[in-house]
$ cat work-v1.pdb   # PDB, C-alpha atoms and all ligand atoms
ATOM      1  CA  MET Q 818     -25.956 -40.812  18.155  1.00  0.00           C
ATOM      2  CA  SER Q 819     -26.543 -43.878  15.968  1.00  0.00           C
ATOM      3  CA  GLN Q 820     -24.323 -45.404  13.246  1.00  0.00           C
ATOM      4  CA  THR Q 821     -24.484 -42.167  11.311  1.00  0.00           C
ATOM      5  CA  SER Q 822     -21.362 -40.406  12.514  1.00  0.00           C
ATOM      6  CA  PRO Q 823     -19.753 -38.360   9.743  1.00  0.00           C
ATOM      7  CA  ILE Q 824     -16.300 -38.876  11.264  1.00  0.00           C
ATOM      8  CA  ILE Q 825     -14.016 -41.453   9.663  1.00  0.00           C
ATOM      9  CA  VAL Q 826     -10.821 -42.052  11.655  1.00  0.00           C
ATOM     10  CA  ALA Q 827      -7.844 -42.862   9.391  1.00  0.00           C
ATOM     11  CA  LEU Q 828      -5.983 -45.824  10.890  1.00  0.00           C
ATOM     12  CA  ASP Q 829      -2.563 -44.835   9.571  1.00  0.00           C
ATOM     13  CA  PHE Q 830      -0.364 -47.173  11.608  1.00  0.00           C
ATOM     14  CA  SER Q 831       2.368 -49.602  10.673  1.00  0.00           C
ATOM     15  CA  THR Q 832       1.518 -52.181  13.338  1.00  0.00           C
ATOM     16  CA  GLU Q 833      -1.742 -53.956  14.046  1.00  0.00           C
ATOM     17  CA  LYS Q 834      -1.153 -53.517  17.765  1.00  0.00           C
ATOM     18  CA  GLU Q 835      -1.165 -49.714  17.482  1.00  0.00           C
ATOM     19  CA  ALA Q 836      -4.259 -49.784  15.288  1.00  0.00           C
ATOM     20  CA  ILE Q 837      -6.223 -52.048  17.629  1.00  0.00           C
ATOM     21  CA  ASN Q 838      -5.042 -50.109  20.680  1.00  0.00           C
ATOM     22  CA  LEU Q 839      -6.510 -46.928  19.179  1.00  0.00           C
ATOM     23  CA  VAL Q 840      -9.708 -48.646  18.012  1.00  0.00           C
ATOM     24  CA  ASP Q 841     -10.285 -49.988  21.519  1.00  0.00           C
ATOM     25  CA  GLN Q 842     -10.398 -46.395  22.766  1.00  0.00           C
ATOM     26  CA  LEU Q 843     -13.090 -45.410  20.224  1.00  0.00           C
ATOM     27  CA  GLU Q 844     -16.778 -46.273  19.772  1.00  0.00           C
ATOM     28  CA  PRO Q 845     -18.672 -47.319  16.643  1.00  0.00           C
ATOM     29  CA  GLN Q 846     -21.430 -44.844  17.551  1.00  0.00           C
ATOM     30  CA  LEU Q 847     -18.971 -41.952  17.310  1.00  0.00           C
ATOM     31  CA  CYS Q 848     -16.891 -42.801  14.258  1.00  0.00           C
ATOM     32  CA  ARG Q 849     -16.152 -45.090  11.371  1.00  0.00           C
ATOM     33  CA  LEU Q 850     -12.660 -46.348  10.473  1.00  0.00           C
ATOM     34  CA  LYS Q 851     -10.529 -46.025   7.345  1.00  0.00           C
ATOM     35  CA  VAL Q 852      -8.093 -48.776   6.418  1.00  0.00           C
ATOM     36  CA  GLY Q 853      -5.619 -47.680   3.767  1.00  0.00           C
ATOM     37  CA  LYS Q 854      -2.939 -49.286   1.636  1.00  0.00           C
ATOM     38  CA  GLU Q 855      -0.240 -49.600   4.311  1.00  0.00           C
ATOM     39  CA  LEU Q 856      -2.345 -51.317   6.943  1.00  0.00           C
ATOM     40  CA  PHE Q 857      -4.154 -53.494   4.414  1.00  0.00           C
ATOM     41  CA  THR Q 858      -0.944 -54.575   2.698  1.00  0.00           C
ATOM     42  CA  ARG Q 859       0.547 -55.581   6.044  1.00  0.00           C
ATOM     43  CA  PHE Q 860      -2.451 -57.100   7.813  1.00  0.00           C
ATOM     44  CA  GLY Q 861      -5.064 -57.588   5.107  1.00  0.00           C
ATOM     45  CA  PRO Q 862      -8.536 -59.104   5.423  1.00  0.00           C
ATOM     46  CA  THR Q 863      -7.830 -60.467   8.907  1.00  0.00           C
ATOM     47  CA  LEU Q 864      -7.572 -56.971  10.330  1.00  0.00           C
ATOM     48  CA  VAL Q 865     -10.650 -55.769   8.435  1.00  0.00           C
ATOM     49  CA  ASN Q 866     -12.574 -58.748   9.822  1.00  0.00           C
ATOM     50  CA  LYS Q 867     -11.501 -57.801  13.352  1.00  0.00           C
ATOM     51  CA  LEU Q 868     -12.687 -54.197  12.925  1.00  0.00           C
ATOM     52  CA  VAL Q 869     -16.013 -55.299  11.426  1.00  0.00           C
ATOM     53  CA  ALA Q 870     -16.426 -57.782  14.298  1.00  0.00           C
ATOM     54  CA  LYS Q 871     -16.023 -54.834  16.686  1.00  0.00           C
ATOM     55  CA  ASN Q 872     -19.083 -53.318  14.944  1.00  0.00           C
ATOM     56  CA  PHE Q 873     -17.217 -50.501  13.215  1.00  0.00           C
ATOM     57  CA  ASP Q 874     -18.135 -49.345   9.731  1.00  0.00           C
ATOM     58  CA  VAL Q 875     -14.958 -49.734   7.660  1.00  0.00           C
ATOM     59  CA  PHE Q 876     -13.990 -47.589   4.680  1.00  0.00           C
ATOM     60  CA  LEU Q 877     -11.501 -49.645   2.654  1.00  0.00           C
ATOM     61  CA  ASP Q 878      -9.375 -46.963   0.988  1.00  0.00           C
ATOM     62  CA  LEU Q 879      -7.481 -48.943  -1.670  1.00  0.00           C
ATOM     63  CA  LYS Q 880      -8.270 -46.651  -4.636  1.00  0.00           C
ATOM     64  CA  TYR Q 881      -8.645 -49.384  -7.261  1.00  0.00           C
ATOM     65  CA  HIS Q 882      -7.479 -48.401 -10.767  1.00  0.00           C
ATOM     66  CA  ASP Q 883      -7.177 -51.182 -13.365  1.00  0.00           C
ATOM     67  CA  ILE Q 884      -9.088 -52.683 -16.275  1.00  0.00           C
ATOM     68  CA  PRO Q 885     -12.861 -52.797 -15.645  1.00  0.00           C
ATOM     69  CA  ASN Q 886     -13.076 -56.565 -15.046  1.00  0.00           C
ATOM     70  CA  THR Q 887     -10.216 -56.578 -12.531  1.00  0.00           C
ATOM     71  CA  VAL Q 888     -11.640 -53.635 -10.615  1.00  0.00           C
ATOM     72  CA  ALA Q 889     -15.113 -55.204 -10.579  1.00  0.00           C
ATOM     73  CA  GLN Q 890     -13.710 -58.427  -9.115  1.00  0.00           C
ATOM     74  CA  ALA Q 891     -11.650 -56.518  -6.530  1.00  0.00           C
ATOM     75  CA  CYS Q 892     -14.794 -54.613  -5.480  1.00  0.00           C
ATOM     76  CA  LEU Q 893     -16.660 -57.897  -5.064  1.00  0.00           C
ATOM     77  CA  ALA Q 894     -13.820 -59.229  -2.912  1.00  0.00           C
ATOM     78  CA  ALA Q 895     -13.926 -56.066  -0.771  1.00  0.00           C
ATOM     79  CA  ALA Q 896     -17.698 -56.366  -0.411  1.00  0.00           C
ATOM     80  CA  ASP Q 897     -17.225 -59.926   0.860  1.00  0.00           C
ATOM     81  CA  LEU Q 898     -15.191 -58.460   3.737  1.00  0.00           C
ATOM     82  CA  GLY Q 899     -18.303 -56.644   4.917  1.00  0.00           C
ATOM     83  CA  VAL Q 900     -16.876 -53.146   4.520  1.00  0.00           C
ATOM     84  CA  TRP Q 901     -19.183 -50.118   4.614  1.00  0.00           C
ATOM     85  CA  MET Q 902     -17.473 -48.141   1.840  1.00  0.00           C
ATOM     86  CA  LEU Q 903     -14.715 -48.598  -0.729  1.00  0.00           C
ATOM     87  CA  ASN Q 904     -13.212 -46.534  -3.492  1.00  0.00           C
ATOM     88  CA  VAL Q 905     -11.740 -46.475  -6.977  1.00  0.00           C
ATOM     89  CA  HIS Q 906      -9.752 -43.872  -8.936  1.00  0.00           C
ATOM     90  CA  ALA Q 907     -12.018 -41.827 -11.200  1.00  0.00           C
ATOM     91  CA  LEU Q 908      -9.044 -41.587 -13.569  1.00  0.00           C
ATOM     92  CA  GLY Q 909      -9.716 -45.257 -14.384  1.00  0.00           C
ATOM     93  CA  GLY Q 910     -12.560 -43.902 -16.506  1.00  0.00           C
ATOM     94  CA  GLU Q 911     -16.325 -44.205 -16.734  1.00  0.00           C
ATOM     95  CA  LYS Q 912     -16.327 -47.786 -18.087  1.00  0.00           C
ATOM     96  CA  MET Q 913     -14.237 -48.949 -15.141  1.00  0.00           C
ATOM     97  CA  MET Q 914     -16.488 -47.171 -12.651  1.00  0.00           C
ATOM     98  CA  VAL Q 915     -19.660 -48.589 -14.219  1.00  0.00           C
ATOM     99  CA  ALA Q 916     -18.168 -52.093 -13.995  1.00  0.00           C
ATOM    100  CA  ALA Q 917     -17.355 -51.499 -10.313  1.00  0.00           C
ATOM    101  CA  ARG Q 918     -20.840 -50.202  -9.606  1.00  0.00           C
ATOM    102  CA  ASP Q 919     -22.476 -53.106 -11.456  1.00  0.00           C
ATOM    103  CA  ALA Q 920     -20.434 -55.564  -9.396  1.00  0.00           C
ATOM    104  CA  LEU Q 921     -21.895 -54.004  -6.240  1.00  0.00           C
ATOM    105  CA  SER Q 922     -25.576 -54.240  -7.110  1.00  0.00           C
ATOM    106  CA  SER Q 923     -26.880 -56.243  -4.141  1.00  0.00           C
ATOM    107  CA  ASP Q 924     -29.002 -54.471  -1.513  1.00  0.00           C
ATOM    108  CA  ASP Q 925     -26.351 -54.778   1.182  1.00  0.00           C
ATOM    109  CA  ALA Q 926     -23.436 -53.780  -1.081  1.00  0.00           C
ATOM    110  CA  PRO Q 927     -20.920 -51.240   0.277  1.00  0.00           C
ATOM    111  CA  LEU Q 928     -21.020 -47.624  -0.789  1.00  0.00           C
ATOM    112  CA  LEU Q 929     -18.734 -46.926  -3.729  1.00  0.00           C
ATOM    113  CA  ILE Q 930     -16.930 -43.614  -4.116  1.00  0.00           C
ATOM    114  CA  ALA Q 931     -14.096 -42.342  -6.320  1.00  0.00           C
ATOM    115  CA  VAL Q 932     -10.951 -40.310  -5.799  1.00  0.00           C
ATOM    116  CA  THR Q 933     -10.939 -37.480  -8.344  1.00  0.00           C
ATOM    117  CA  TRP Q 934      -7.632 -35.602  -8.567  1.00  0.00           C
ATOM    118  CA  LEU Q 935      -5.331 -36.285  -5.603  1.00  0.00           C
ATOM    119  CA  THR Q 936      -4.750 -33.240  -3.461  1.00  0.00           C
ATOM    120  CA  SER Q 937      -1.026 -34.025  -3.608  1.00  0.00           C
ATOM    121  CA  SER Q 938      -1.103 -33.379  -7.376  1.00  0.00           C
ATOM    122  CA  GLY Q 939      -1.494 -29.904  -8.807  1.00  0.00           C
ATOM    123  CA  GLN Q 940      -1.133 -27.916 -12.001  1.00  0.00           C
ATOM    124  CA  ALA Q 941       2.432 -29.146 -12.650  1.00  0.00           C
ATOM    125  CA  GLU Q 942       1.267 -32.769 -12.778  1.00  0.00           C
ATOM    126  CA  LEU Q 943      -1.579 -31.907 -15.157  1.00  0.00           C
ATOM    127  CA  ASP Q 944       0.820 -29.967 -17.387  1.00  0.00           C
ATOM    128  CA  ALA Q 945       3.271 -32.878 -17.403  1.00  0.00           C
ATOM    129  CA  LEU Q 946       0.476 -35.165 -18.570  1.00  0.00           C
ATOM    130  CA  GLY Q 947      -0.476 -32.709 -21.317  1.00  0.00           C
ATOM    131  CA  ILE Q 948      -3.921 -32.200 -19.786  1.00  0.00           C
ATOM    132  CA  LYS Q 949      -5.185 -28.698 -20.481  1.00  0.00           C
ATOM    133  CA  ALA Q 950      -7.192 -28.062 -17.343  1.00  0.00           C
ATOM    134  CA  THR Q 951      -6.781 -26.598 -13.884  1.00  0.00           C
ATOM    135  CA  PRO Q 952      -6.904 -28.975 -10.894  1.00  0.00           C
ATOM    136  CA  GLN Q 953     -10.339 -27.540 -10.053  1.00  0.00           C
ATOM    137  CA  GLU Q 954     -11.651 -28.235 -13.569  1.00  0.00           C
ATOM    138  CA  MET Q 955     -10.205 -31.733 -13.359  1.00  0.00           C
ATOM    139  CA  VAL Q 956     -11.894 -32.413 -10.019  1.00  0.00           C
ATOM    140  CA  SER Q 957     -15.177 -31.107 -11.359  1.00  0.00           C
ATOM    141  CA  ARG Q 958     -14.981 -33.141 -14.584  1.00  0.00           C
ATOM    142  CA  LEU Q 959     -14.057 -36.369 -12.777  1.00  0.00           C
ATOM    143  CA  ALA Q 960     -16.740 -35.844 -10.126  1.00  0.00           C
ATOM    144  CA  VAL Q 961     -19.424 -35.429 -12.826  1.00  0.00           C
ATOM    145  CA  MET Q 962     -18.117 -38.590 -14.519  1.00  0.00           C
ATOM    146  CA  THR Q 963     -18.303 -40.394 -11.167  1.00  0.00           C
ATOM    147  CA  LYS Q 964     -21.902 -39.346 -10.666  1.00  0.00           C
ATOM    148  CA  ASN Q 965     -22.834 -40.315 -14.231  1.00  0.00           C
ATOM    149  CA  ALA Q 966     -21.311 -43.748 -13.636  1.00  0.00           C
ATOM    150  CA  GLY Q 967     -23.756 -44.172 -10.758  1.00  0.00           C
ATOM    151  CA  LEU Q 968     -21.302 -44.071  -7.862  1.00  0.00           C
ATOM    152  CA  ASP Q 969     -22.274 -42.725  -4.458  1.00  0.00           C
ATOM    153  CA  GLY Q 970     -19.755 -39.912  -4.146  1.00  0.00           C
ATOM    154  CA  VAL Q 971     -16.160 -38.722  -4.237  1.00  0.00           C
ATOM    155  CA  VAL Q 972     -13.197 -38.083  -1.991  1.00  0.00           C
ATOM    156  CA  CYS Q 973     -12.344 -34.396  -2.299  1.00  0.00           C
ATOM    157  CA  SER Q 974     -10.653 -31.534  -0.526  1.00  0.00           C
ATOM    158  CA  ALA Q 975     -13.016 -29.591   1.734  1.00  0.00           C
ATOM    159  CA  GLN Q 976     -12.165 -26.552  -0.376  1.00  0.00           C
ATOM    160  CA  GLU Q 977     -13.797 -28.233  -3.364  1.00  0.00           C
ATOM    161  CA  ALA Q 978     -16.879 -29.227  -1.369  1.00  0.00           C
ATOM    162  CA  PRO Q 979     -18.993 -26.063  -1.951  1.00  0.00           C
ATOM    163  CA  MET Q 980     -18.578 -26.291  -5.739  1.00  0.00           C
ATOM    164  CA  LEU Q 981     -19.280 -30.048  -5.825  1.00  0.00           C
ATOM    165  CA  ARG Q 982     -22.232 -29.806  -3.439  1.00  0.00           C
ATOM    166  CA  LYS Q 983     -23.778 -27.107  -5.620  1.00  0.00           C
ATOM    167  CA  ASN Q 984     -23.212 -28.985  -8.893  1.00  0.00           C
ATOM    168  CA  LEU Q 985     -23.888 -32.565  -7.821  1.00  0.00           C
ATOM    169  CA  GLY Q 986     -26.787 -32.254  -5.387  1.00  0.00           C
ATOM    170  CA  ASP Q 987     -27.495 -33.075  -1.758  1.00  0.00           C
ATOM    171  CA  GLU Q 988     -27.381 -36.867  -1.988  1.00  0.00           C
ATOM    172  CA  PHE Q 989     -23.827 -37.183  -3.317  1.00  0.00           C
ATOM    173  CA  TYR Q 990     -21.239 -38.220  -0.692  1.00  0.00           C
ATOM    174  CA  LEU Q 991     -18.379 -35.753  -0.310  1.00  0.00           C
ATOM    175  CA  VAL Q 992     -15.693 -37.376   1.825  1.00  0.00           C
ATOM    176  CA  THR Q 993     -13.022 -34.874   2.817  1.00  0.00           C
ATOM    177  CA  PRO Q 994      -9.556 -35.392   4.349  1.00  0.00           C
ATOM    178  CA  GLY Q 995      -7.248 -32.519   5.346  1.00  0.00           C
ATOM    179  CA  ILE Q 996      -9.194 -31.731   8.515  1.00  0.00           C
ATOM    180  CA  ARG Q 997      -7.457 -29.937  11.375  1.00  0.00           C
ATOM    181  CA  LEU Q 998      -8.683 -28.598  14.700  1.00  0.00           C
ATOM    182  CA  SER Q 999      -8.319 -24.842  14.923  1.00  0.00           C
ATOM    183  CA  ASP Q1000      -5.553 -24.939  17.528  1.00  0.00           C
ATOM    184  CA  ALA Q1001      -3.540 -27.709  15.867  1.00  0.00           C
ATOM    185  CA  LYS Q1002       0.109 -27.290  14.995  1.00  0.00           C
ATOM    186  CA  SER Q1003       0.925 -27.481  11.318  1.00  0.00           C
ATOM    187  CA  ASP Q1004       2.194 -30.631   9.578  1.00  0.00           C
ATOM    188  CA  ASP Q1005       2.357 -31.904   5.979  1.00  0.00           C
ATOM    189  CA  GLN Q1006      -1.296 -31.108   5.185  1.00  0.00           C
ATOM    190  CA  CYS Q1007      -1.325 -27.582   3.784  1.00  0.00           C
ATOM    191  CA  ARG Q1008      -4.861 -26.858   2.612  1.00  0.00           C
ATOM    192  CA  VAL Q1009      -6.683 -27.676   5.832  1.00  0.00           C
ATOM    193  CA  VAL Q1010     -10.084 -26.767   7.257  1.00  0.00           C
ATOM    194  CA  THR Q1011     -11.773 -27.309  10.607  1.00  0.00           C
ATOM    195  CA  PRO Q1012     -14.497 -29.961  11.053  1.00  0.00           C
ATOM    196  CA  GLN Q1013     -17.198 -27.299  11.440  1.00  0.00           C
ATOM    197  CA  LYS Q1014     -16.155 -25.453   8.275  1.00  0.00           C
ATOM    198  CA  ALA Q1015     -15.969 -28.676   6.235  1.00  0.00           C
ATOM    199  CA  ILE Q1016     -19.507 -29.650   7.257  1.00  0.00           C
ATOM    200  CA  GLN Q1017     -20.804 -26.103   6.620  1.00  0.00           C
ATOM    201  CA  ASP Q1018     -19.202 -26.215   3.175  1.00  0.00           C
ATOM    202  CA  GLY Q1019     -21.060 -29.378   2.245  1.00  0.00           C
ATOM    203  CA  ALA Q1020     -18.847 -32.316   3.254  1.00  0.00           C
ATOM    204  CA  SER Q1021     -20.870 -35.379   4.224  1.00  0.00           C
ATOM    205  CA  HIS Q1022     -17.987 -37.234   5.895  1.00  0.00           C
ATOM    206  CA  LEU Q1023     -14.654 -36.121   7.351  1.00  0.00           C
ATOM    207  CA  VAL Q1024     -11.540 -38.290   7.214  1.00  0.00           C
ATOM    208  CA  ILE Q1025      -9.454 -37.419  10.269  1.00  0.00           C
ATOM    209  CA  GLY Q1026      -6.132 -39.041  11.070  1.00  0.00           C
ATOM    210  CA  ARG Q1027      -3.460 -37.492  13.253  1.00  0.00           C
ATOM    211  CA  PRO Q1028      -5.622 -34.986  15.158  1.00  0.00           C
ATOM    212  CA  ILE Q1029      -7.279 -38.075  16.694  1.00  0.00           C
ATOM    213  CA  THR Q1030      -4.707 -40.867  16.331  1.00  0.00           C
ATOM    214  CA  GLN Q1031      -1.848 -38.826  17.839  1.00  0.00           C
ATOM    215  CA  ALA Q1032      -3.909 -37.164  20.553  1.00  0.00           C
ATOM    216  CA  GLU Q1033      -3.127 -37.825  24.186  1.00  0.00           C
ATOM    217  CA  ASP Q1034      -6.772 -38.712  24.707  1.00  0.00           C
ATOM    218  CA  PRO Q1035      -8.197 -39.785  21.305  1.00  0.00           C
ATOM    219  CA  TYR Q1036     -11.671 -40.506  22.694  1.00  0.00           C
ATOM    220  CA  LYS Q1037     -11.954 -37.035  24.221  1.00  0.00           C
ATOM    221  CA  VAL Q1038     -10.871 -35.341  20.984  1.00  0.00           C
ATOM    222  CA  LEU Q1039     -13.311 -37.480  18.985  1.00  0.00           C
ATOM    223  CA  GLN Q1040     -16.146 -36.606  21.382  1.00  0.00           C
ATOM    224  CA  GLU Q1041     -15.310 -32.902  21.107  1.00  0.00           C
ATOM    225  CA  ILE Q1042     -15.291 -33.036  17.293  1.00  0.00           C
ATOM    226  CA  VAL Q1043     -18.609 -34.873  17.199  1.00  0.00           C
ATOM    227  CA  LYS Q1044     -20.102 -32.299  19.580  1.00  0.00           C
ATOM    228  CA  SER Q1045     -18.717 -29.405  17.527  1.00  0.00           C
ATOM    229  CA  ILE Q1046     -20.484 -30.518  14.352  1.00  0.00           C
ATOM    230  CA  ALA Q1047     -23.722 -31.785  15.928  1.00  0.00           C
TER
HETATM  231  O1  LIG Q1101      -3.471 -37.518   9.530  1.00  0.00           O
HETATM  232  P1  LIG Q1101      -4.374 -36.882   8.513  1.00  0.00           P
HETATM  233  O2  LIG Q1101      -5.636 -36.294   9.118  1.00  0.00           O
HETATM  234  O3  LIG Q1101      -3.656 -35.929   7.606  1.00  0.00           O
HETATM  235  O4  LIG Q1101      -4.859 -38.122   7.610  1.00  0.00           O
HETATM  236  C1  LIG Q1101      -5.627 -37.943   6.456  1.00  0.00           C
HETATM  237  C2  LIG Q1101      -5.915 -39.252   5.811  1.00  0.00           C
HETATM  238  O5  LIG Q1101      -6.604 -38.998   4.593  1.00  0.00           O
HETATM  239  C3  LIG Q1101      -4.699 -40.082   5.445  1.00  0.00           C
HETATM  240  O6  LIG Q1101      -5.068 -41.466   5.572  1.00  0.00           O
HETATM  241  C4  LIG Q1101      -4.454 -39.736   4.002  1.00  0.00           C
HETATM  242  O7  LIG Q1101      -3.831 -40.775   3.292  1.00  0.00           O
HETATM  243  C5  LIG Q1101      -5.871 -39.525   3.502  1.00  0.00           C
HETATM  244  N1  LIG Q1101      -5.976 -38.662   2.321  1.00  0.00           N
HETATM  245  C6  LIG Q1101      -5.480 -37.362   2.281  1.00  0.00           C
HETATM  246  N2  LIG Q1101      -5.608 -36.615   1.142  1.00  0.00           N
HETATM  247  C7  LIG Q1101      -6.220 -37.123   0.061  1.00  0.00           C
HETATM  248  C8  LIG Q1101      -6.730 -38.425   0.086  1.00  0.00           C
HETATM  249  C9  LIG Q1101      -6.589 -39.171   1.253  1.00  0.00           C
HETATM  250  O8  LIG Q1101      -4.957 -36.870   3.278  1.00  0.00           O
HETATM  251  N3  LIG Q1101      -6.359 -36.376  -1.011  1.00  0.00           N
END

$ encode --input "work-v1.pdb" --output "structure tokens"
Amino acid sequence: MSQTSPIIVALDFSTEKEAINLVDQLEPQLCRLKVGKELFTRFGPTLVNKLVAKNFDVFLDLKYHDIPNTVAQACLAAADLGVWMLNVHALGGEKMMVAARDALSSDDAPLLIAVTWLTSSGQAELDALGIKATPQEMVSRLAVMTKNAGLDGVVCSAQEAPMLRKNLGDEFYLVTPGIRLSDAKSDDQCRVVTPQKAIQDGASHLVIGRPITQAEDPYKVLQEIVKSIA
């Protein structure tokens, strides 16, 4: 398998040592890596540089949301780190997303995707904001806005993937967290799907954290997941 693995391993660790220890058990041919706010805030560009130097594709998951100029400059800074993908909040609006996209116009620029409506927020949060829509309508509206702004895709729940795949076409990236192996014990993720189901439903990439990072043998679990969706 080449550098086209749909698996993105979420490096949710509080120490660099733990993160690197896990990464050293994985292979760039089998997965990409996601660096989120905790790891980046603690270890920053130096850690990203180390992961890129190990030939991993890095998804920098910092969910930028600010005025268009600030987000555009942050995207440029992220691109300078050599990351494969980065993201913004679609709630920042179309102008902000267009500015981000325009900042990443070079041929080797990272992919740019947007978070629509966080899976941790539901109807109550929309009601509190006075937004008259269901979470599903919100996801759909923000995903269309993301596509119109020229971005490459969205982060979404696998349960939203069939609707978004149907409405937004085959080329749009649908990056889905909330993935669990069928025999996994339950944790804080409630709306979960298996890797096979997520891919069948139209996800292009799967963000997987604990099922791999907390496994006794992370490499074996990763290999099994890759095999199961081949
Ligand atoms: O350990 P687990 O597989 O639940 O990790 C999922 C990863 O995806 C975490 O890094 C989490 O922050 C991220 N994520 C999520 N739900 C979203 C967006 C991102 O679980 N809606």

$ residues_around --input "work-v1.pdb" --residues "region 858-860 of chain Q" --least-positions-apart "5" --cutoff "12 Å" --atoms "all atoms listed in the file" --output "tab-separated table (two decimals) with C-alpha atoms, in the frame of the given file"
chain	number	residue	atom	x	y	z
Q	829	ASP	CA	-2.56	-44.84	9.57
Q	830	PHE	CA	-0.36	-47.17	11.61
Q	831	SER	CA	2.37	-49.60	10.67
Q	832	THR	CA	1.52	-52.18	13.34
Q	833	GLU	CA	-1.74	-53.96	14.05
Q	834	LYS	CA	-1.15	-53.52	17.76
Q	836	ALA	CA	-4.26	-49.78	15.29
Q	837	ILE	CA	-6.22	-52.05	17.63
Q	852	VAL	CA	-8.09	-48.78	6.42
Q	853	GLY	CA	-5.62	-47.68	3.77
Q	865	VAL	CA	-10.65	-55.77	8.44
Q	866	ASN	CA	-12.57	-58.75	9.82
Q	867	LYS	CA	-11.50	-57.80	13.35
Q	868	LEU	CA	-12.69	-54.20	12.92
Q	877	LEU	CA	-11.50	-49.64	2.65
Q	878	ASP	CA	-9.38	-46.96	0.99
Q	879	LEU	CA	-7.48	-48.94	-1.67

$ atom_distance --input "work-v1.pdb" --atom1 "CA of Ala966 (chain Q)" --atom2 "CA of Val915 (chain Q)"
5.1 Å

$ closest_atom_pairs --input "work-v1.pdb" --of "chain Q" --to "ligand LIG 1101 (chain Q)" --cutoff "6 Å" --atoms "only C-alpha atoms and all ligand atoms" --output "JSON lines"
{"residue": "Q:Ala827", "atom": "CA", "partner": "Q:LIG1101", "partner_atom": "O6", "distance": 4.9}
{"residue": "Q:Asp829", "atom": "CA", "partner": "Q:LIG1101", "partner_atom": "O6", "distance": 5.8}
{"residue": "Q:Leu935", "atom": "CA", "partner": "Q:LIG1101", "partner_atom": "N3", "distance": 4.7}
{"residue": "Q:Thr936", "atom": "CA", "partner": "Q:LIG1101", "partner_atom": "N3", "distance": 4.3}
{"residue": "Q:Pro994", "atom": "CA", "partner": "Q:LIG1101", "partner_atom": "O5", "distance": 4.7}
{"residue": "Q:Gly995", "atom": "CA", "partner": "Q:LIG1101", "partner_atom": "O8", "distance": 5.3}
{"residue": "Q:Ile996", "atom": "CA", "partner": "Q:LIG1101", "partner_atom": "O2", "distance": 5.8}
{"residue": "Q:Gln1006", "atom": "CA", "partner": "Q:LIG1101", "partner_atom": "O3", "distance": 5.9}
{"residue": "Q:Val1024", "atom": "CA", "partner": "Q:LIG1101", "partner_atom": "O5", "distance": 5.6}
{"residue": "Q:Ile1025", "atom": "CA", "partner": "Q:LIG1101", "partner_atom": "O2", "distance": 4.1}
{"residue": "Q:Gly1026", "atom": "CA", "partner": "Q:LIG1101", "partner_atom": "O2", "distance": 3.4}
{"residue": "Q:Arg1027", "atom": "CA", "partner": "Q:LIG1101", "partner_atom": "O1", "distance": 3.7}

$ atom_distance --input "work-v1.pdb" --atom1 "CA of Val905 (chain Q)" --atom2 "CA of Val992 (chain Q)"
13.3 Å

$ residues_around --input "work-v1.pdb" --residues "Ala895 (chain Q)" --least-positions-apart "6" --cutoff "10 Å" --atoms "all atoms listed in the file" --output "list in words"
Pro862, Val865, Leu877, Leu879, Ala889, Trp901, Met902, Leu903, Asn904, Leu921, Ala926 and Pro927 of chain Q

$ resolve_selection --input "work-v1.pdb" --expression "the PyMOL selection byres (((chain Q and resi 1044) around 12) and not hetatm)" --output "CSV table (one decimal) with C-alpha atoms, in the frame of the given file"
chain,number,residue,atom,x,y,z
Q,818,MET,CA,-26.0,-40.8,18.2
Q,822,SER,CA,-21.4,-40.4,12.5
Q,823,PRO,CA,-19.8,-38.4,9.7
Q,824,ILE,CA,-16.3,-38.9,11.3
Q,847,LEU,CA,-19.0,-42.0,17.3
Q,1012,PRO,CA,-14.5,-30.0,11.1
Q,1013,GLN,CA,-17.2,-27.3,11.4
Q,1037,LYS,CA,-12.0,-37.0,24.2
Q,1038,VAL,CA,-10.9,-35.3,21.0
Q,1039,LEU,CA,-13.3,-37.5,19.0
Q,1040,GLN,CA,-16.1,-36.6,21.4
Q,1041,GLU,CA,-15.3,-32.9,21.1
Q,1042,ILE,CA,-15.3,-33.0,17.3
Q,1043,VAL,CA,-18.6,-34.9,17.2
Q,1045,SER,CA,-18.7,-29.4,17.5
Q,1046,ILE,CA,-20.5,-30.5,14.4
Q,1047,ALA,CA,-23.7,-31.8,15.9

$ closest_residue --input "work-v1.pdb" --among "Q:Asn872, Q:Ser957, Q:Ser923, Q:Thr887" --to "Asn984 (chain Q)" --atoms "all atoms listed in the file"
Q:Ser957

$ resolve_selection --input "work-v1.pdb" --expression "the PyMOL selection byres (((chain Q and resi 955) around 12) and not hetatm)" --output "PyMOL selection string"
chain Q and resi 907-908+932-936+938-940+942-944+948-954+956-962+973+977+981

$ residues_around --input "work-v1.pdb" --residues "Val875 (chain Q)" --least-positions-apart "4" --cutoff "7 Å" --atoms "all atoms listed in the file" --output "list in words"
Arg849, Leu850, Lys851, Val869, Val900, Trp901 and Met902 of chain Q

$ closest_residue --input "work-v1.pdb" --among "Q:Leu946, Q:Ala931, Q:Leu856, Q:Ala1020" --to "Ala975 (chain Q)" --atoms "only C-alpha atoms"
Q:Ala1020

$ atom_distance --input "work-v1.pdb" --atom1 "CA of Asp924 (chain Q)" --atom2 "CA of Ser974 (chain Q)"
29.4 Å

$ closest_residue --input "work-v1.pdb" --among "Q:Met913, Q:Ile884, Q:Val971, Q:Leu928" --to "Gly899 (chain Q)" --atoms "all atoms listed in the file"
Q:Leu928

$ residues_around --input "work-v1.pdb" --residues "Gly909 (chain Q)" --least-positions-apart "3" --cutoff "9 Å" --atoms "all atoms listed in the file" --output "short mmCIF file (atom, residue, chain, number, x, y, z; two decimals) with C-alpha atoms, keeping the file's coordinate frame"
data_model
loop_
_atom_site.label_atom_id
_atom_site.label_comp_id
_atom_site.auth_asym_id
_atom_site.auth_seq_id
_atom_site.Cartn_x
_atom_site.Cartn_y
_atom_site.Cartn_z
CA TYR Q 881 -8.64 -49.38 -7.26
CA HIS Q 882 -7.48 -48.40 -10.77
CA ASP Q 883 -7.18 -51.18 -13.36
CA ILE Q 884 -9.09 -52.68 -16.27
CA PRO Q 885 -12.86 -52.80 -15.64
CA VAL Q 905 -11.74 -46.48 -6.98
CA HIS Q 906 -9.75 -43.87 -8.94
CA LYS Q 912 -16.33 -47.79 -18.09
CA MET Q 913 -14.24 -48.95 -15.14
CA MET Q 914 -16.49 -47.17 -12.65
#
